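Asks: Have a look at this one before I ask anything.
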Amino acid sequence: MASKFVLAGPPRSGKSCLREGLKQAIRRIPGAPYPYVITACPDGEGSWFQETVNADPALAAACKAAYKAKFTPEFVERIKTSVERCSLELTLVDIGGIPSVENEQICSGATHVVILAGDMSKVAEWREFARKVGLVVVAEIHSDYHGTQDMIEGVGPDQVLRGAVHHLERGEPVADRPMVAALASWLVTLAK
């Protein structure tokens, strides 16, 4: 069965940075399925963005500005169909930071959600989003931008991995962060 993990949470929580770090961390796990990524927000930050920031930040900013757009019915339908039809073992779906009707439509074909939030008071609205869409919450992670180390609480009896990841910043490698590695391992376990 295909596991489709939505990366959700408020704007500027570091979802795109987490996505890239997760992708790299999963690829390092022996026997793990390839982590396919669907960029589901028209904000100009496709899977290519992090690598471009690392190589040429000015070019990345220019490309993002050129590609940035609003949700259109055509975009929503195209991405919704991509999520529904994706049959790969482990897919990451990076959505925008608003629990909108468009994101509900896009996520209707997904299976799970990882909630990442800088402001943990926003987690409840994302739990409600998951409930409405029928997604199983598998992780709730505090994005502690000013922190200096990760914290892993572990997987609770509710099967939700909790903890904190520190300083998610574009251009910085995060695949070796303890929380990112723990999340990668948890998603691979769930996908098998």
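Residue numbering restarts at 1 for every chain of the structure tokens, chains are lettered A, B, ... in their displayed order, and ligands are numbered from 1 as they appear.
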Leaving out range 79-94 of chain A and any residue of its chain fewer than 5 positions from it, which residues lie within 10 Å of it when counting only C-alpha atoms, given as a ChimeraX atom specification?

Replies: /A:1-9,15-16,18-20,22-23,26,32-41,45-47,74,102-114,187-188,190-192

Asks: For Gly147 in chain A, which of A:Leu135, A:Val165, A:Ala124, A:Val180 is the closest residue, counting only C-alpha atoms?

Replies: A:Val165

Asks: How far is it from CA of Ala181 in chain A to CA of Ala25 in chain A, in Å with one decimal?

Replies: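 The value is 5.9 Å.
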
Asks: From the set A:Gln159, A:Gln149, A:Ser143, A:Ser121, which residue has the shortest atom-to-atom contact distance to Gly14 in chain A, counting only C-alpha atoms?

Replies: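 Comparing A:Gln159, A:Gln149, A:Ser143, A:Ser121 against Gly14 in chain A, the winner is A:Ser143.
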
Asks: Any idea what's packed within 8 Å of Ala139 in chain A, counting only C-alpha atoms, ignoring anything in its chain fewer than 2 positions away? Could you give it as a list in words?

Replies: Val113, Val114, Ile115, Val137, Ile141, Val160, Leu161, Arg162 and Leu183 of chain A

Asks: Pull C-alpha atoms from the residues just selected and write them as a compact mmCIF listing (two decimals), in the first residue's frame.

Replies:
# COMPACT_ATOMS: atom_id res chain seq x y z
CA VAL A 113 0.12 13.87 8.22
CA VAL A 114 3.24 15.22 9.91
CA ILE A 115 2.49 18.49 11.70
CA VAL A 137 -1.49 12.16 12.51
CA ILE A 141 7.08 18.45 15.82
CA VAL A 160 2.42 9.93 17.28
CA LEU A 161 6.12 10.84 17.23
CA ARG A 162 6.75 14.05 19.17
CA LEU A 183 11.11 11.09 11.76

Asks: What gap, in Å, lies between CA of Asp150 in chain A and CA of Pro178 in chain A?

Replies: 6.2 Å

Asks: When DSSP is applied to the backbone of this structure, which of range 65-145 of chain A are assigned alpha helix (DSSP H)? Write them out as a PyMOL selection string.

Replies: chain A and resi 65-67+73-85+101-107+123-133

Asks: Generate a file of the selected residues that holds C-alpha atoms, formatted as a CSV table (one decimal), in the first residue's frame.

Replies:
chain,number,residue,atom,x,y,z
A,65,ALA,CA,9.5,34.9,-7.7
A,66,ALA,CA,9.0,33.8,-11.3
A,67,TYR,CA,7.2,30.6,-10.3
A,73,PRO,CA,-8.8,25.3,-9.9
A,74,GLU,CA,-6.5,23.7,-12.5
A,75,PHE,CA,-3.5,23.6,-10.1
A,76,VAL,CA,-5.6,22.1,-7.3
A,77,GLU,CA,-7.1,19.4,-9.6
A,78,ARG,CA,-3.7,18.5,-11.1
A,79,ILE,CA,-2.0,18.1,-7.7
A,80,LYS,CA,-5.1,16.3,-6.2
A,81,THR,CA,-4.9,13.8,-9.0
A,82,SER,CA,-1.2,13.4,-8.6
A,83,VAL,CA,-1.6,12.6,-4.9
A,84,GLU,CA,-4.6,10.2,-5.5
A,85,ARG,CA,-2.8,8.3,-8.3
A,101,VAL,CA,-10.4,24.1,1.1
A,102,GLU,CA,-7.7,23.8,-1.6
A,103,ASN,CA,-5.4,22.0,0.7
A,104,GLU,CA,-8.3,19.7,1.9
A,105,GLN,CA,-8.9,18.8,-1.8
A,106,ILE,CA,-5.3,18.2,-2.5
A,107,CYS,CA,-4.8,16.0,0.6
A,123,VAL,CA,-1.2,22.3,16.2
A,124,ALA,CA,-4.9,22.0,17.2
A,125,GLU,CA,-6.1,23.5,13.9
A,126,TRP,CA,-3.9,21.1,11.9
A,127,ARG,CA,-5.2,18.2,13.9
A,128,GLU,CA,-8.7,19.3,13.0
A,129,PHE,CA,-7.6,19.7,9.3
A,130,ALA,CA,-6.3,16.1,9.5
A,131,ARG,CA,-9.6,14.9,11.0
A,132,LYS,CA,-11.7,16.6,8.3
A,133,VAL,CA,-9.6,15.1,5.5
